[in-house]
Amino acid sequence: MKEIRKVHGPYERKSGRKFVVLIFEDGTRTTKQYARFLMEQELGRELTDEEEVDHIDRDHTNDEISNLRVISKEEHRKDDQK
């Protein structure tokens with residue numbers, strides 16, 4: 001996991017979803033979904049490309065850690081089709 005120097009945000013998009021801008025020690029920066037950022041901080045590791053963060057109550061504005069879970073992309077797709 002790259003060392004984060006600074007976190008800007010969270011900022012809210014028109015959709016209500018939040019994101020953060022991460023600035024790393026090496027000067028690079030990236031934008032990340034806030035829920036994903038929170039879960040990575042909780043777990044102490046970056047999520048893989050196959051992992052996604054799901055809002056248990058389906059409210060994408062509710063980023064409480066107790067409302068978030070890590071699931072596979074495939075499981076997330078199946079869950080959203082229900």
# chains A, B, ... in the order shown; residues from 1 in each chain; ligands from 1
call {"tool": "select_by_dssp", "arguments": {"residues": "region 9-52 of chain A", "states": "strand (DSSP E or B)", "output": "PyMOL selection string"}}
result
chain A and resi 9-12+18-24+29-33+51-52
call {"tool": "write_last_selection", "arguments": {"atoms": "C-alpha atoms", "output": "mmCIF file, in the first residue's frame"}}
result
data_model
loop_
_atom_site.group_PDB
_atom_site.id
_atom_site.type_symbol
_atom_site.label_atom_id
_atom_site.label_comp_id
_atom_site.auth_asym_id
_atom_site.auth_seq_id
_atom_site.Cartn_x
_atom_site.Cartn_y
_atom_site.Cartn_z
ATOM 1 C CA GLY A 9 -12.463 15.393 0.623
ATOM 2 C CA PRO A 10 -14.745 13.635 0.777
ATOM 3 C CA TYR A 11 -16.448 15.504 -2.028
ATOM 4 C CA GLU A 12 -19.946 14.706 -3.201
ATOM 5 C CA LYS A 18 -18.657 10.601 -2.404
ATOM 6 C CA PHE A 19 -15.030 10.444 -3.490
ATOM 7 C CA VAL A 20 -11.632 11.465 -2.140
ATOM 8 C CA VAL A 21 -8.460 12.669 -3.819
ATOM 9 C CA LEU A 22 -5.368 10.921 -2.468
ATOM 10 C CA ILE A 23 -1.907 12.455 -2.738
ATOM 11 C CA PHE A 24 0.911 9.986 -2.155
ATOM 12 C CA ARG A 29 -2.413 11.420 -6.967
ATOM 13 C CA THR A 30 -5.569 9.446 -7.603
ATOM 14 C CA THR A 31 -9.312 9.745 -7.107
ATOM 15 C CA LYS A 32 -11.100 6.964 -5.251
ATOM 16 C CA GLN A 33 -14.656 6.223 -4.180
ATOM 17 C CA GLU A 51 -13.208 -6.832 -4.935
ATOM 18 C CA GLU A 52 -15.903 -4.175 -4.642
#
call {"tool": "residues_around", "arguments": {"residues": "region 57-67 of chain A", "least_positions_apart": "6", "cutoff": "6 Å", "atoms": "only C-alpha atoms", "output": "list in words"}}
result
Gly16, Arg17 and Ala35 of chain A
call {"tool": "write_last_selection", "arguments": {"atoms": "N, CA and C atoms", "output": "PDB file, in the first residue's frame"}}
result
ATOM      1  N   GLY A  16     -24.780  11.892  -5.442  1.00  0.00           N
ATOM      2  CA  GLY A  16     -24.789  11.689  -3.990  1.00  0.00           C
ATOM      3  C   GLY A  16     -23.638  10.833  -3.500  1.00  0.00           C
ATOM      4  N   ARG A  17     -22.972  10.159  -4.422  1.00  0.00           N
ATOM      5  CA  ARG A  17     -21.811   9.337  -4.037  1.00  0.00           C
ATOM      6  C   ARG A  17     -20.634  10.243  -3.731  1.00  0.00           C
ATOM      7  N   ALA A  35     -16.310   5.150  -0.179  1.00  0.00           N
ATOM      8  CA  ALA A  35     -16.609   3.877   0.485  1.00  0.00           C
ATOM      9  C   ALA A  35     -15.438   2.906   0.329  1.00  0.00           C
TER      10      ALA A  35
END
call {"tool": "select_by_dssp", "arguments": {"residues": "chain A", "states": "alpha helix (DSSP H)", "output": "list in words"}}
result
Tyr34, Ala35, Arg36, Phe37, Leu38, Met39, Glu40, Gln41, Glu42, Leu43, Lys73, Glu74, Glu75, His76, Arg77, Lys78, Asp79, Asp80 and Gln81 of chain A
call {"tool": "write_last_selection", "arguments": {"atoms": "C-alpha atoms", "output": "PDB file, in the first residue's frame"}}
result
ATOM      1  CA  TYR A  34     -15.032   7.205  -0.534  1.00  0.00           C
ATOM      2  CA  ALA A  35     -16.609   3.877   0.485  1.00  0.00           C
ATOM      3  CA  ARG A  36     -13.692   1.993  -1.075  1.00  0.00           C
ATOM      4  CA  PHE A  37     -11.189   4.270   0.672  1.00  0.00           C
ATOM      5  CA  LEU A  38     -12.921   3.734   4.031  1.00  0.00           C
ATOM      6  CA  MET A  39     -12.949  -0.046   3.626  1.00  0.00           C
ATOM      7  CA  GLU A  40      -9.269  -0.132   2.640  1.00  0.00           C
ATOM      8  CA  GLN A  41      -8.409   1.898   5.744  1.00  0.00           C
ATOM      9  CA  GLU A  42     -10.515  -0.448   7.895  1.00  0.00           C
ATOM     10  CA  LEU A  43      -8.815  -3.559   6.446  1.00  0.00           C
ATOM     11  CA  LYS A  73     -17.506  -8.108  -8.732  1.00  0.00           C
ATOM     12  CA  GLU A  74     -19.529 -11.129  -9.850  1.00  0.00           C
ATOM     13  CA  GLU A  75     -21.440 -11.336  -6.572  1.00  0.00           C
ATOM     14  CA  HIS A  76     -22.105  -7.579  -6.723  1.00  0.00           C
ATOM     15  CA  ARG A  77     -23.516  -7.848 -10.259  1.00  0.00           C
ATOM     16  CA  LYS A  78     -25.802 -10.734  -9.269  1.00  0.00           C
ATOM     17  CA  ASP A  79     -26.928  -8.891  -6.137  1.00  0.00           C
ATOM     18  CA  ASP A  80     -27.757  -5.714  -8.092  1.00  0.00           C
ATOM     19  CA  GLN A  81     -29.860  -7.682 -10.610  1.00  0.00           C
TER      20      GLN A  81
END
call {"tool": "closest_residue", "arguments": {"among": "A:Glu25, A:Val7, A:Leu68, A:Arg13", "to": "His55 (chain A)", "atoms": "only C-alpha atoms"}}
result
A:Leu68
call {"tool": "atom_distance", "arguments": {"atom1": "CA of Lys14 (chain A)", "atom2": "CA of Ile71 (chain A)"}}
result
25.3 Å
call {"tool": "decode", "arguments": {"residues": "region 24-39 of chain A", "atoms": "N, CA and C atoms", "output": "PDB file, in the first residue's frame"}}
result
ATOM      1  N   PHE A  24      -0.044  10.917  -2.732  1.00  0.00           N
ATOM      2  CA  PHE A  24       0.911   9.986  -2.155  1.00  0.00           C
ATOM      3  C   PHE A  24       2.257  10.660  -1.893  1.00  0.00           C
ATOM      4  N   GLU A  25       3.079  10.020  -1.087  1.00  0.00           N
ATOM      5  CA  GLU A  25       4.399  10.542  -0.735  1.00  0.00           C
ATOM      6  C   GLU A  25       5.261  10.811  -1.965  1.00  0.00           C
ATOM      7  N   ASP A  26       5.089  10.009  -3.028  1.00  0.00           N
ATOM      8  CA  ASP A  26       5.896  10.199  -4.244  1.00  0.00           C
ATOM      9  C   ASP A  26       5.353  11.303  -5.148  1.00  0.00           C
ATOM     10  N   GLY A  27       4.275  11.996  -4.698  1.00  0.00           N
ATOM     11  CA  GLY A  27       3.716  13.115  -5.458  1.00  0.00           C
ATOM     12  C   GLY A  27       2.603  12.737  -6.410  1.00  0.00           C
ATOM     13  N   THR A  28       2.394  11.448  -6.636  1.00  0.00           N
ATOM     14  CA  THR A  28       1.305  11.040  -7.515  1.00  0.00           C
ATOM     15  C   THR A  28      -0.019  11.208  -6.782  1.00  0.00           C
ATOM     16  N   ARG A  29      -1.084  11.259  -7.561  1.00  0.00           N
ATOM     17  CA  ARG A  29      -2.413  11.420  -6.967  1.00  0.00           C
ATOM     18  C   ARG A  29      -3.411  10.552  -7.702  1.00  0.00           C
ATOM     19  N   THR A  30      -4.497  10.234  -7.004  1.00  0.00           N
ATOM     20  CA  THR A  30      -5.569   9.446  -7.603  1.00  0.00           C
ATOM     21  C   THR A  30      -6.893   9.829  -6.954  1.00  0.00           C
ATOM     22  N   THR A  31      -7.966   9.545  -7.633  1.00  0.00           N
ATOM     23  CA  THR A  31      -9.312   9.745  -7.107  1.00  0.00           C
ATOM     24  C   THR A  31      -9.895   8.379  -6.808  1.00  0.00           C
ATOM     25  N   LYS A  32     -10.567   8.255  -5.664  1.00  0.00           N
ATOM     26  CA  LYS A  32     -11.100   6.964  -5.251  1.00  0.00           C
ATOM     27  C   LYS A  32     -12.468   7.153  -4.619  1.00  0.00           C
ATOM     28  N   GLN A  33     -13.353   6.190  -4.847  1.00  0.00           N
ATOM     29  CA  GLN A  33     -14.656   6.223  -4.180  1.00  0.00           C
ATOM     30  C   GLN A  33     -14.443   6.215  -2.677  1.00  0.00           C
ATOM     31  N   TYR A  34     -15.204   7.051  -1.973  1.00  0.00           N
ATOM     32  CA  TYR A  34     -15.032   7.205  -0.534  1.00  0.00           C
ATOM     33  C   TYR A  34     -15.273   5.890   0.206  1.00  0.00           C
ATOM     34  N   ALA A  35     -16.310   5.150  -0.179  1.00  0.00           N
ATOM     35  CA  ALA A  35     -16.609   3.877   0.485  1.00  0.00           C
ATOM     36  C   ALA A  35     -15.438   2.906   0.329  1.00  0.00           C
ATOM     37  N   ARG A  36     -14.841   2.871  -0.838  1.00  0.00           N
ATOM     38  CA  ARG A  36     -13.692   1.993  -1.075  1.00  0.00           C
ATOM     39  C   ARG A  36     -12.507   2.429  -0.214  1.00  0.00           C
ATOM     40  N   PHE A  37     -12.262   3.727  -0.159  1.00  0.00           N
ATOM     41  CA  PHE A  37     -11.189   4.270   0.672  1.00  0.00           C
ATOM     42  C   PHE A  37     -11.392   3.886   2.139  1.00  0.00           C
ATOM     43  N   LEU A  38     -12.620   4.073   2.636  1.00  0.00           N
ATOM     44  CA  LEU A  38     -12.921   3.734   4.031  1.00  0.00           C
ATOM     45  C   LEU A  38     -12.672   2.253   4.319  1.00  0.00           C
ATOM     46  N   MET A  39     -13.117   1.387   3.417  1.00  0.00           N
ATOM     47  CA  MET A  39     -12.949  -0.046   3.626  1.00  0.00           C
ATOM     48  C   MET A  39     -11.470  -0.433   3.593  1.00  0.00           C
TER      49      MET A  39
END
